[in-house]
Each structure stands twice: as C-alpha cells, then as structure tokens.
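Pasting structure.cif here (mmCIF, C-alpha atoms and all ligand atoms):
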data_structure
#
loop_
_atom_site.label_atom_id
_atom_site.label_comp_id
_atom_site.auth_asym_id
_atom_site.auth_seq_id
_atom_site.Cartn_x
_atom_site.Cartn_y
_atom_site.Cartn_z
CA MET A 215 66.03 -5.21 289.09
CA ALA A 216 69.66 -4.10 289.04
CA ASN A 217 71.33 -7.17 287.64
CA LYS A 218 68.75 -9.78 286.79
CA ILE A 219 70.19 -13.16 285.94
CA MET A 220 67.10 -15.33 285.88
CA GLU A 221 63.36 -15.06 285.68
CA PHE A 222 60.33 -17.36 285.89
CA ARG A 223 57.21 -16.05 284.14
CA HIS A 224 53.91 -17.78 284.90
CA VAL A 225 55.54 -21.16 285.14
CA GLU A 226 53.27 -24.13 285.62
CA LYS A 227 54.35 -27.74 286.04
CA ARG A 228 52.00 -30.68 285.84
CA PHE A 229 52.66 -34.38 286.10
CA ASP A 230 49.66 -35.89 284.28
CA ASP A 231 46.70 -34.19 285.95
CA ASN A 232 48.60 -33.27 289.08
CA VAL A 233 49.47 -29.55 289.20
CA VAL A 234 52.74 -29.33 291.14
CA LEU A 235 53.65 -25.69 290.43
CA ARG A 236 51.13 -22.99 289.62
CA ASP A 237 51.84 -19.55 288.21
CA ILE A 238 55.37 -19.29 289.58
CA ASP A 239 56.76 -15.79 288.95
CA PHE A 240 60.07 -14.55 290.30
CA GLU A 241 63.26 -12.74 289.38
CA ILE A 242 66.74 -13.62 290.60
CA GLU A 243 69.42 -11.00 290.98
CA ALA A 244 73.03 -11.95 290.23
CA GLY A 245 75.37 -12.47 293.18
CA LYS A 246 72.75 -12.97 295.88
CA PHE A 247 71.88 -15.79 298.23
CA TYR A 248 68.30 -17.00 297.69
CA THR A 249 66.48 -19.61 299.71
CA LEU A 250 63.44 -21.58 298.63
CA LEU A 251 61.69 -22.52 301.84
CA GLY A 252 58.66 -24.75 302.14
CA PRO A 253 57.29 -27.99 303.59
CA SER A 254 57.84 -31.41 302.08
CA GLY A 255 56.10 -31.84 298.74
CA SER A 256 55.60 -28.09 298.19
CA GLY A 257 57.55 -28.07 294.90
CA LYS A 258 61.05 -26.90 295.87
CA THR A 259 63.02 -29.62 294.08
CA THR A 260 60.74 -29.29 291.05
CA ILE A 261 61.69 -25.59 290.77
CA LEU A 262 65.40 -26.47 290.98
CA ARG A 263 64.98 -29.17 288.32
CA LEU A 264 63.37 -26.64 285.98
CA ILE A 265 66.23 -24.19 286.58
CA ALA A 266 68.84 -26.90 286.00
CA GLY A 267 67.08 -28.20 282.89
CA PHE A 268 66.36 -31.72 284.17
CA ASP A 269 62.68 -31.02 283.50
CA GLN A 270 60.64 -28.63 281.35
CA PRO A 271 57.71 -26.46 282.45
CA THR A 272 54.26 -27.44 281.20
CA SER A 273 53.63 -23.79 280.43
CA GLY A 274 55.26 -20.43 281.13
CA GLU A 275 58.76 -19.18 280.43
CA ILE A 276 62.17 -19.37 282.05
CA PHE A 277 64.80 -16.75 281.17
CA PHE A 278 68.53 -16.80 281.86
CA ASP A 279 70.63 -13.74 281.11
CA GLY A 280 67.69 -12.34 279.13
CA LYS A 281 67.32 -15.43 276.90
CA LYS A 282 64.48 -17.92 277.04
CA ILE A 283 65.95 -21.26 278.07
CA ASN A 284 62.89 -23.56 278.24
CA ASP A 285 64.44 -25.83 275.58
CA VAL A 286 68.13 -25.43 276.42
CA PRO A 287 69.50 -28.81 277.57
CA ALA A 288 70.91 -29.16 281.10
CA ASN A 289 74.55 -29.49 280.00
CA GLN A 290 74.37 -26.17 278.17
CA ARG A 291 73.08 -24.18 281.15
CA GLN A 292 75.46 -22.19 283.34
CA VAL A 293 74.04 -23.86 286.40
CA ASN A 294 75.36 -26.59 288.69
CA THR A 295 73.52 -28.53 291.35
CA VAL A 296 74.56 -29.91 294.73
CA PHE A 297 72.15 -32.75 295.44
CA GLN A 298 70.80 -33.73 298.83
CA ASP A 299 72.56 -37.10 298.76
CA TYR A 300 75.66 -35.46 297.16
CA ALA A 301 75.61 -38.04 294.32
CA LEU A 302 79.40 -38.48 294.44
CA PHE A 303 81.10 -41.28 292.51
CA PRO A 304 82.17 -43.85 295.13
CA HIS A 305 84.79 -45.51 292.90
CA MET A 306 86.70 -42.24 292.40
CA ASN A 307 88.87 -40.36 294.85
CA VAL A 308 88.14 -36.79 295.94
CA ALA A 309 90.15 -35.05 293.19
CA GLU A 310 88.69 -37.30 290.46
CA ASN A 311 85.18 -36.48 291.64
CA VAL A 312 85.86 -32.76 291.50
CA ALA A 313 87.63 -33.04 288.12
CA PHE A 314 84.86 -35.02 286.44
CA GLY A 315 82.90 -32.15 284.85
CA LEU A 316 86.05 -30.46 283.56
CA GLN A 317 87.29 -33.70 281.99
CA ILE A 318 83.99 -34.19 280.18
CA ARG A 319 84.34 -30.71 278.74
CA GLY A 320 87.86 -31.49 277.53
CA VAL A 321 89.70 -29.01 279.71
CA LYS A 322 93.52 -29.51 279.59
CA LYS A 323 95.12 -31.66 282.29
CA ALA A 324 97.30 -28.94 283.80
CA GLU A 325 94.35 -26.55 284.07
CA ILE A 326 92.17 -29.26 285.63
CA LYS A 327 94.82 -29.91 288.26
CA GLN A 328 95.04 -26.27 289.16
CA ARG A 329 91.28 -25.66 289.25
CA VAL A 330 90.62 -28.79 291.33
CA ALA A 331 93.26 -27.68 293.83
CA GLU A 332 91.67 -24.22 294.04
CA ALA A 333 88.18 -25.63 294.51
CA LEU A 334 89.33 -27.99 297.25
CA LYS A 335 91.07 -25.10 298.97
CA LEU A 336 87.87 -23.03 298.86
CA VAL A 337 85.96 -25.74 300.71
CA GLN A 338 88.87 -26.26 303.11
CA LEU A 339 89.85 -29.68 301.82
CA ASN A 340 93.33 -28.95 300.52
CA GLY A 341 95.45 -32.06 300.75
CA TYR A 342 92.46 -34.43 300.56
CA GLY A 343 92.59 -34.99 296.78
CA GLU A 344 93.93 -38.54 296.92
CA ARG A 345 91.48 -39.76 299.56
CA GLU A 346 88.81 -42.26 298.63
CA ILE A 347 85.27 -40.89 298.92
CA THR A 348 84.33 -43.78 301.17
CA ALA A 349 87.00 -42.61 303.64
CA MET A 350 85.44 -39.15 303.99
CA SER A 351 82.97 -38.11 306.71
CA GLY A 352 79.48 -36.79 305.90
CA GLY A 353 80.55 -33.17 306.30
CA GLN A 354 83.65 -33.72 304.15
CA ARG A 355 81.59 -35.39 301.40
CA GLN A 356 79.31 -32.42 301.50
CA ARG A 357 82.29 -30.15 300.83
CA VAL A 358 83.47 -32.38 297.98
CA ALA A 359 80.02 -32.07 296.39
CA ILE A 360 80.22 -28.28 296.64
CA ALA A 361 83.77 -28.26 295.21
CA ARG A 362 82.61 -30.44 292.32
CA ALA A 363 79.91 -27.90 291.52
CA ILE A 364 81.89 -24.66 291.89
CA VAL A 365 84.89 -25.95 289.91
CA ASN A 366 82.75 -25.50 286.78
CA GLU A 367 82.36 -21.79 287.60
CA PRO A 368 78.58 -21.77 287.18
CA LYS A 369 76.70 -18.47 287.24
CA VAL A 370 74.10 -20.04 289.48
CA LEU A 371 74.65 -22.76 292.06
CA LEU A 372 71.64 -24.79 293.18
CA LEU A 373 71.77 -26.55 296.53
CA ASP A 374 68.97 -28.97 297.35
CA GLU A 375 68.74 -29.60 301.12
CA ALA A 376 72.51 -29.63 300.99
CA LEU A 377 72.98 -29.55 304.76
CA SER A 378 70.18 -31.76 306.00
CA ALA A 379 72.31 -34.92 306.32
CA LEU A 380 74.65 -33.23 308.80
CA ASP A 381 74.37 -33.15 312.58
CA HIS A 382 73.31 -29.88 314.18
CA LYS A 383 76.74 -28.53 315.06
CA LEU A 384 78.31 -29.27 311.69
CA ARG A 385 75.24 -27.93 309.98
CA VAL A 386 75.49 -24.56 311.72
CA GLN A 387 79.21 -24.42 310.88
CA MET A 388 78.52 -25.24 307.22
CA GLN A 389 75.82 -22.53 307.10
CA THR A 390 78.45 -19.93 307.94
CA GLU A 391 80.98 -21.45 305.54
CA LEU A 392 78.51 -21.60 302.67
CA ARG A 393 77.53 -18.00 303.21
CA GLN A 394 81.19 -16.92 303.23
CA LEU A 395 81.89 -18.98 300.13
CA GLN A 396 78.97 -17.37 298.30
CA ARG A 397 80.25 -13.87 299.15
CA LYS A 398 83.78 -14.77 298.08
CA LEU A 399 82.73 -16.30 294.74
CA GLY A 400 80.08 -13.67 294.09
CA ILE A 401 77.85 -16.17 292.26
CA THR A 402 74.13 -16.62 292.80
CA PHE A 403 73.16 -19.40 295.20
CA ILE A 404 69.67 -20.87 295.27
CA PHE A 405 69.44 -22.95 298.40
CA VAL A 406 66.53 -25.24 299.20
CA THR A 407 65.54 -26.07 302.75
CA HIS A 408 62.51 -26.80 304.88
CA ASP A 409 64.28 -25.38 307.94
CA GLN A 410 63.11 -21.85 308.67
CA GLU A 411 65.96 -20.97 311.04
CA GLU A 412 68.47 -21.96 308.38
CA ALA A 413 66.65 -19.81 305.83
CA LEU A 414 66.53 -16.76 308.12
CA ALA A 415 70.21 -17.10 309.02
CA MET A 416 71.65 -17.52 305.53
CA SER A 417 69.60 -15.68 302.93
CA ASP A 418 69.52 -12.31 301.24
CA GLN A 419 66.08 -13.24 299.92
CA ILE A 420 63.65 -15.98 300.91
CA MET A 421 60.86 -17.36 298.73
CA ILE A 422 58.27 -19.24 300.75
CA ILE A 423 56.45 -21.92 298.84
CA ASN A 424 53.46 -24.01 299.80
CA ASP A 425 51.41 -26.33 297.66
CA GLY A 426 53.10 -25.24 294.42
CA THR A 427 52.55 -21.52 294.97
CA ILE A 428 54.94 -18.83 296.17
CA GLN A 429 53.34 -17.43 299.29
CA GLN A 430 55.74 -14.57 299.91
CA SER A 431 59.20 -13.44 298.90
CA GLY A 432 61.39 -10.91 300.62
CA THR A 433 64.30 -10.41 302.96
CA PRO A 434 64.36 -12.49 306.14
CA VAL A 435 63.41 -9.41 308.17
CA ASP A 436 60.47 -8.55 305.85
CA ILE A 437 59.12 -12.03 306.06
CA TYR A 438 59.54 -12.35 309.80
CA ASP A 439 58.11 -8.92 310.61
CA GLU A 440 55.45 -8.71 307.92
CA PRO A 441 54.13 -12.17 307.14
CA LEU A 442 51.51 -11.88 304.41
CA ASN A 443 49.26 -14.70 305.46
CA HIS A 444 48.54 -17.40 308.01
CA PHE A 445 50.78 -19.95 306.34
CA VAL A 446 53.84 -17.68 306.36
CA ALA A 447 53.25 -16.43 309.90
CA ASP A 448 52.91 -19.96 311.15
CA PHE A 449 55.79 -21.40 309.14
CA ILE A 450 58.33 -18.70 310.03
CA GLY A 451 59.06 -18.48 313.73
CA GLU A 452 56.61 -18.96 316.54
CA SER A 453 53.46 -16.92 316.57
CA ASN A 454 50.12 -16.26 318.17
CA ILE A 455 47.53 -16.13 315.41
CA VAL A 456 44.01 -15.04 316.41
CA PRO A 457 40.93 -13.97 314.47
CA GLY A 458 40.01 -10.30 314.65
CA VAL A 459 37.87 -7.57 313.12
CA MET A 460 39.40 -4.43 311.60
CA LYS A 461 36.93 -1.85 312.92
CA GLU A 462 38.56 1.07 311.15
CA ASP A 463 42.09 2.11 310.16
CA TYR A 464 44.47 1.62 313.09
CA LEU A 465 41.85 -0.06 315.29
CA VAL A 466 41.47 -3.82 315.52
CA SER A 467 39.18 -5.84 317.74
CA ILE A 468 40.53 -9.09 319.19
CA ASN A 469 38.33 -11.23 321.43
CA GLY A 470 35.80 -8.38 321.51
CA GLN A 471 38.36 -5.95 322.87
CA ASP A 472 39.65 -2.98 320.82
CA PHE A 473 43.36 -2.31 320.29
CA THR A 474 45.23 0.46 318.54
CA CYS A 475 47.46 -0.91 315.80
CA VAL A 476 49.59 0.39 312.93
CA ASP A 477 47.72 -1.32 310.07
CA ALA A 478 45.26 0.27 307.72
CA GLY A 479 43.62 -0.05 304.32
CA MET A 480 41.05 -2.76 305.09
CA LYS A 481 37.30 -2.45 304.67
CA PRO A 482 35.46 -1.29 307.83
CA ASN A 483 34.68 -4.35 309.95
CA GLU A 484 36.67 -6.63 307.68
CA ARG A 485 37.48 -9.98 309.26
CA VAL A 486 41.21 -10.42 309.63
CA GLU A 487 43.83 -12.53 311.32
CA VAL A 488 46.12 -10.97 313.89
CA VAL A 489 49.67 -12.15 314.51
CA ILE A 490 51.65 -11.31 317.62
CA ARG A 491 55.09 -12.85 318.08
CA PRO A 492 55.72 -14.45 321.51
CA GLU A 493 58.79 -12.25 322.08
CA ASP A 494 56.61 -9.14 321.65
CA LEU A 495 54.33 -10.13 324.52
CA ASP A 496 55.34 -9.58 328.12
CA ILE A 497 54.03 -10.62 331.50
CA THR A 498 52.88 -7.83 333.78
CA THR A 499 50.50 -7.27 336.66
CA VAL A 500 46.75 -7.72 336.06
CA ASP A 501 46.01 -3.97 336.25
CA LYS A 502 48.71 -3.13 333.68
CA GLY A 503 47.86 -5.86 331.15
CA GLN A 504 45.90 -5.29 327.94
CA LEU A 505 44.85 -8.90 328.29
CA VAL A 506 44.37 -10.87 331.48
CA GLY A 507 44.82 -14.58 331.98
CA THR A 508 46.17 -17.47 334.02
CA VAL A 509 49.64 -18.99 333.62
CA ASP A 510 49.51 -22.62 332.43
CA THR A 511 53.16 -23.46 331.82
CA GLN A 512 56.59 -21.95 332.24
CA LEU A 513 59.87 -23.26 330.85
CA PHE A 514 63.29 -21.68 331.47
CA ARG A 515 65.35 -21.65 328.28
CA GLY A 516 68.59 -20.00 329.32
CA VAL A 517 67.89 -16.55 327.91
CA ASP A 518 64.18 -16.30 328.66
CA TYR A 519 61.08 -18.06 329.93
CA GLN A 520 58.67 -19.72 327.53
CA ILE A 521 55.27 -19.16 329.09
CA THR A 522 51.71 -20.04 328.12
CA VAL A 523 48.72 -18.13 329.48
CA HIS A 524 45.04 -18.79 328.80
CA ASP A 525 42.79 -15.72 328.73
CA ILE A 526 39.16 -15.45 329.85
CA ARG A 527 37.99 -16.68 326.43
CA ASP A 528 40.23 -19.71 326.84
CA HIS A 529 42.62 -18.65 324.11
CA THR A 530 46.17 -19.76 324.87
CA TRP A 531 48.92 -17.17 324.31
CA LYS A 532 52.58 -18.05 323.81
CA ILE A 533 54.86 -15.57 325.55
CA ASN A 534 58.66 -15.41 325.63
CA SER A 535 59.68 -13.16 328.51
CA ILE A 536 62.72 -12.42 330.62
CA HIS A 537 60.33 -11.96 333.53
CA LYS A 538 59.65 -15.01 335.65
CA THR A 539 56.11 -15.78 336.73
CA THR A 540 54.32 -18.59 338.57
CA VAL A 541 52.18 -21.38 337.15
CA GLY A 542 48.56 -20.77 338.23
CA ALA A 543 49.09 -17.02 338.78
CA LYS A 544 46.70 -14.43 337.36
CA VAL A 545 48.73 -12.08 335.18
CA GLY A 546 48.43 -9.29 332.68
CA ILE A 547 49.80 -9.56 329.13
CA SER A 548 51.22 -6.37 327.67
CA PHE A 549 52.20 -5.37 324.13
CA ASP A 550 52.55 -2.27 321.97
CA PRO A 551 50.48 -1.23 318.94
CA GLU A 552 53.39 -1.98 316.58
CA ASP A 553 53.56 -5.57 317.89
CA ILE A 554 50.11 -6.26 316.47
CA HIS A 555 50.35 -7.41 312.90
CA VAL A 556 47.10 -7.58 310.95
CA MET A 557 46.74 -9.92 307.95
CA ARG A 558 43.93 -10.38 305.48
CA TYR A 559 42.68 -13.90 304.99
CA ASN A 560 44.78 -15.45 302.21
CA GLU A 561 46.17 -12.12 301.12
CA THR A 562 48.48 -12.33 298.11
CA GLU A 563 51.52 -10.17 297.50
CA GLU A 564 49.59 -8.11 294.91
CA ASP A 565 46.71 -7.53 297.35
CA PHE A 566 49.15 -6.43 300.00
CA ASP A 567 50.99 -4.02 297.68
CA ALA A 568 47.69 -2.53 296.50
CA ARG A 569 46.56 -2.03 300.09
CA LEU A 570 49.86 -0.41 301.02
CA ASP A 571 49.67 1.92 298.00
CA SER A 572 46.11 2.92 298.77
CA TYR A 573 46.78 3.92 302.33
CA GLU A 574 50.05 5.64 301.57
CA GLU A 575 48.09 7.81 299.11
CA ASP A 576 45.61 8.70 301.86
CA GLU A 577 48.35 10.00 304.11
N1 LIG B 1 58.38 -37.12 288.34
C1 LIG B 1 57.27 -36.89 289.06
N2 LIG B 1 56.10 -37.48 288.74
C2 LIG B 1 54.97 -37.22 289.45
N3 LIG B 1 54.91 -36.42 290.53
C3 LIG B 1 56.04 -35.81 290.90
C4 LIG B 1 57.28 -36.01 290.20
N4 LIG B 1 58.23 -35.25 290.81
C5 LIG B 1 57.61 -34.63 291.83
N5 LIG B 1 56.31 -34.94 291.90
C6 LIG B 1 55.34 -34.42 292.88
O1 LIG B 1 55.45 -33.04 292.91
C7 LIG B 1 55.25 -32.53 294.21
C8 LIG B 1 56.41 -31.64 294.59
O2 LIG B 1 57.57 -32.41 294.69
P1 LIG B 1 59.00 -31.80 295.05
O3 LIG B 1 59.98 -32.91 294.96
O4 LIG B 1 59.23 -30.61 294.20
O5 LIG B 1 58.77 -31.36 296.56
P2 LIG B 1 59.81 -30.74 297.62
O6 LIG B 1 59.27 -29.43 298.03
O7 LIG B 1 61.19 -30.80 297.04
O8 LIG B 1 59.66 -31.75 298.83
P3 LIG B 1 60.80 -32.35 299.86
O9 LIG B 1 61.03 -31.29 300.90
O10 LIG B 1 60.11 -33.54 300.43
O11 LIG B 1 62.02 -32.69 299.06
C9 LIG B 1 55.09 -33.75 295.11
O12 LIG B 1 53.71 -33.93 295.35
C10 LIG B 1 55.65 -34.88 294.28
O13 LIG B 1 55.02 -36.08 294.59
MG MG B 2 62.90 -31.87 297.52
#

Render the structure in this file as structure tokens.
Ligand SMILES: Nc1ncnc2c1ncn2[C@@H]1O[C@H](COP(=O)(O)OP(=O)(O)OP(=O)(O)O)[C@@H](O)[C@H]1O
Ligand SMILES: [Mg+2]
Amino acid sequence: MANKIMEFRHVEKRFDDNVVLRDIDFEIEAGKFYTLLGPSGSGKTTILRLIAGFDQPTSGEIFFDGKKINDVPANQRQVNTVFQDYALFPHMNVAENVAFGLQIRGVKKAEIKQRVAEALKLVQLNGYGEREITAMSGGQRQRVAIARAIVNEPKVLLLDEALSALDHKLRVQMQTELRQLQRKLGITFIFVTHDQEEALAMSDQIMIINDGTIQQSGTPVDIYDEPLNHFVADFIGESNIVPGVMKEDYLVSINGQDFTCVDAGMKPNERVEVVIRPEDLDITTVDKGQLVGTVDTQLFRGVDYQITVHDIRDHTWKINSIHKTTVGAKVGISFDPEDIHVMRYNETEEDFDARLDSYEEDE
C-alpha cells in the first residue's frame, strides 16, 4: 500500500466469553475516506474504540505509522473521535469546547485563539465562538464536535454515526461538507454508519462488517457491482438473490433454465447464489423475455417504476424500469449476461481472489 498509516493484524476482541470481533485484518491508507458499514451490534464502535485506544484487543496487533500501538494510551495516539452524541460540554461556549484539547496540552493562549478560529471557519461556524452550546441547533452542534476534533490536527479522525441525529436534508448537506472537509485537510477519516446510501456516497473505501467479521472491503463501485456474498448483496442496495447451479464456466442455471453469464472458476454443477440488481432487469414482451411472469405491483417513483413480477415458479422479481406496465399483465423480463452476478455460498475475500486468479490463468 502506497502510504499505509494504520493496520489491524488478526485482531480479536472478546468481552468475557463473547467474541465481538474475530480475525479483523485491514490496512488504512493515509488521506483517504473510509467507511465502516454494518448493522447494529456488528462491532463498528468496538473497532473505533480499539483504534482510539479506549479499549485493547484480546489478541492480534494494531499498528500506527509502522509502530505497534496496542499498549499506547488514548491521549498519546494521533487520533480524535467525533462521538454519535457529540459529547460536548454544555457549560462551555462553542470556542471553549473547541479549545479544550489544546488547553489540556498547554498550547499558548494566542495560538489557541487562532487555531480555534480556523477550525470554526472550516466547519462554517465563524462568529459563533461566544454562543452557548445549548443555544446551538443539532446540525451546528455536530459541526462544533467536528471542529473540536480537527483542531488537534489528528492524523486520523474517527466519526461514529456522526450524522445520524440529523434530519434527512441536513444529513445530506453534511455528507457533502464532510467529504469536502476531508479533501481539504487531507487527513484520514474513518466514518461509521449503518446507512448504505451514506456509505456509497461518501467513501473512497468501504469495509462491510457483520457479526464481528469483515465481509468485504473495496471501493463503493466494487462492492455494489461485485458483492462477495449474500450478506453484502442484500445489505448494499436492492437485489434479487436466487439459488442457482453453475453448470460450467459462463453458464448458470436459474430455476432450471440456463443463462450465459460472465462468471467462471467454480466447480462443475456447483451450487451458487445469483444476484441481479433491479435496475438491470427490464420489462419486455413475453416473446422477448428470458423469464416470463405476471405483474403484481407497480409504483411510480419519479424517475422510474418499481415493479414486482412473479414467475412461473412463483419467485418474485424486483424490477426498476422506465417502462410502464400494467398490474396483472403477462410480461417478459429481460437482462444481459453481464447483469448476472454469481456468488459462492459464504465466499470469503481470499476464496474470491483465488478463484479470480485461477480463471485468469486459464485465459
Ligand atoms: N463493554 C462491553 N461489554 C460487553 N459487551 C460489549 C461491550 N461493548 C460492546 N459489546 C458488545 O459487542 C457487540 C458489538 O458492539 P458495537 O458497539 O461495536 O456495535 P455497533 O456495530 O457499533 O452497533 P450500533 O450500530 O448499534 O452502534 C455488541 O453485541 C455489544 O453488545
Ligand atoms: Mg456503535
């Protein structure tokens, strides 16, 4: 990795007998925007706490700038955290909140004043220094919390569900602002969310976690287009997930019907799962469809129609199409070979890489 700032090697975290993180392995490149995405209880906050030094791993190693930091106390790490509830001091005004960390470290008054002013400017709160925290709106408090963290010039900024307390409109606005701020500062952000749209919109890299295990990491496009397993396909975006049999390379059978696809490297007749995104399916006439079914529902959404169709085996397909149809009509469903995405059951990243290598060698 070009400019590695942090690494987890085989990190495990247990609370008594409860394994909360298992074999967590990842590398973080300096200056990028990372998102940890996963459902409630999957272990996201626990990972942040290990990075920040509020907790220690049960086993495994954490490196920062090439040095092992398992035993380095939180206040000596070049990391700051923005907490979900912001954790601001209610009895201090905005500037005092932002100045707090610098004061503790004994930074001179004049420098504190200047750095606080700069930080407030970065989060678009110049002129708000004297305001009481209690007189700030939710979105403004959120910005104060970010200013309080970046004023310390950390190498890595951790943000735990930092936007989830905001209403939708403000949240979308803050997503853009945060992303711009990250580019401007050039520091590494590790952002935690359980919102997949937020993760896709903001990140350079996403790590998807479920049940204490990283399921997949990659760019938003990688993860959306090439989900490694059922969990990822289901968690990211909408999808049709159906069982299938990989008859041979580039030929998969779904519902007893054979389709050409672009996947290879499985065993002959291996059982697989097939993912097709709703936007890759289209409604056509019965004679032109690769699948045939009856329209159950249709919902106009402004840009397209959200349609469901059940096929002759009673499987329901989700289709997003710009073509209008009629509830109760018999229709064809069409798609291209590259829209079929074949996954192994519970394939890991290593399995996937090995499969890719083996079939690239064959070519
Ligand atoms: N101090 C602790 N003692 C015991 N169990 C804990 C402790 N902290 C976390 N856990 C457990 O570890 C698991 C992961 O918790 P964590 O807070 O990391 O989840 P999360 O992904 O951040 O979830 P959420 O989206 O709800 O914030 C949960 O099952 C939680 O109950
Ligand atoms: Mg959490």

* To do: Give the residues close to ligand MG 2 (chain B), within 8 Å, counting only C-alpha atoms and all ligand atoms; write them as an MDAnalysis selection string.
  => chainID A and resid 254:255 257:260 374:375 406

* Separation of atom CA of A:Asp439 from atom CA of A:Thr499 in Å -> 27.2 Å

* To do: Give the answer as one residue: which of A:Asp436, A:Asp285, A:Asp510, A:Asp381 has the shortest atom-to-atom distance to A:Asp418, using all atoms listed in the file?
  =>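 Checking each of A:Asp436, A:Asp285, A:Asp510, A:Asp381 against A:Asp418, counting all atoms listed in the file, the winner is A:Asp436.
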
* Which of these, A:Val233, A:Leu371, A:Ala333, A:Ile326, has the shortest distance to ligand LIG 1 (chain B) once you count only C-alpha atoms and all ligand atoms? ->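 Ranked by minimum distance to ligand LIG 1 (chain B), first place goes to A:Val233.
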
Please tabulate, as a Markdown table, the residues of chain A that come within 12 Å of ligand LIG 1 (chain B), each with its closest pair of atoms and the distance in Å to one decimal, counting only C-alpha atoms and all ligand atoms and ordering rows by chain, then residue number upward.
| residue | atom | partner | partner_atom | distance |
| --- | --- | --- | --- | --- |
| A:Glu226 | CA | B:LIG1 | O1 | 11.7 |
| A:Lys227 | CA | B:LIG1 | O1 | 8.7 |
| A:Arg228 | CA | B:LIG1 | N3 | 8.0 |
| A:Phe229 | CA | B:LIG1 | C2 | 5.0 |
| A:Asp230 | CA | B:LIG1 | C2 | 7.5 |
| A:Asp231 | CA | B:LIG1 | C2 | 9.5 |
| A:Asn232 | CA | B:LIG1 | N3 | 7.2 |
| A:Val233 | CA | B:LIG1 | O1 | 7.9 |
| A:Val234 | CA | B:LIG1 | O1 | 4.9 |
| A:Leu235 | CA | B:LIG1 | C8 | 7.8 |
| A:Arg236 | CA | B:LIG1 | C8 | 11.3 |
| A:Leu250 | CA | B:LIG1 | O6 | 8.9 |
| A:Leu251 | CA | B:LIG1 | O6 | 8.3 |
| A:Gly252 | CA | B:LIG1 | O6 | 6.3 |
| A:Pro253 | CA | B:LIG1 | O9 | 5.7 |
| A:Ser254 | CA | B:LIG1 | O9 | 3.4 |
| A:Gly255 | CA | B:LIG1 | O5 | 3.5 |
| A:Ser256 | CA | B:LIG1 | O6 | 3.9 |
| A:Gly257 | CA | B:LIG1 | O4 | 3.1 |
| A:Lys258 | CA | B:LIG1 | O6 | 3.8 |
| A:Thr259 | CA | B:LIG1 | O7 | 3.7 |
| A:Thr260 | CA | B:LIG1 | O4 | 3.7 |
| A:Ile261 | CA | B:LIG1 | O4 | 6.6 |
| A:Leu262 | CA | B:LIG1 | O4 | 8.1 |
| A:Arg263 | CA | B:LIG1 | O4 | 8.3 |
| A:Leu264 | CA | B:LIG1 | O4 | 10.0 |
| A:Phe268 | CA | B:LIG1 | N1 | 10.5 |
| A:Asp269 | CA | B:LIG1 | N1 | 8.9 |
| A:Gln270 | CA | B:LIG1 | N1 | 11.2 |
| A:Phe297 | CA | B:LIG1 | O11 | 10.8 |
| A:Gln298 | CA | B:LIG1 | O11 | 8.8 |
| A:Asp299 | CA | B:LIG1 | O11 | 11.4 |
| A:Leu373 | CA | B:LIG1 | O7 | 11.4 |
| A:Asp374 | CA | B:LIG1 | O7 | 8.0 |
| A:Glu375 | CA | B:LIG1 | O11 | 7.7 |
| A:Ala376 | CA | B:LIG1 | O11 | 11.1 |
| A:Ser378 | CA | B:LIG1 | O9 | 10.5 |
| A:Phe405 | CA | B:LIG1 | O7 | 11.5 |
| A:Val406 | CA | B:LIG1 | O7 | 8.0 |
| A:Thr407 | CA | B:LIG1 | O9 | 7.1 |
| A:His408 | CA | B:LIG1 | O9 | 6.2 |
| A:Asp409 | CA | B:LIG1 | O9 | 9.7 |
| A:Ile422 | CA | B:LIG1 | O6 | 10.6 |
| A:Ile423 | CA | B:LIG1 | O6 | 8.1 |
| A:Asn424 | CA | B:LIG1 | O6 | 8.1 |
| A:Asp425 | CA | B:LIG1 | C8 | 7.9 |
| A:Gly426 | CA | B:LIG1 | C8 | 7.2 |
| A:Thr427 | CA | B:LIG1 | O6 | 10.8 |
| A:Ile428 | CA | B:LIG1 | O6 | 11.6 |
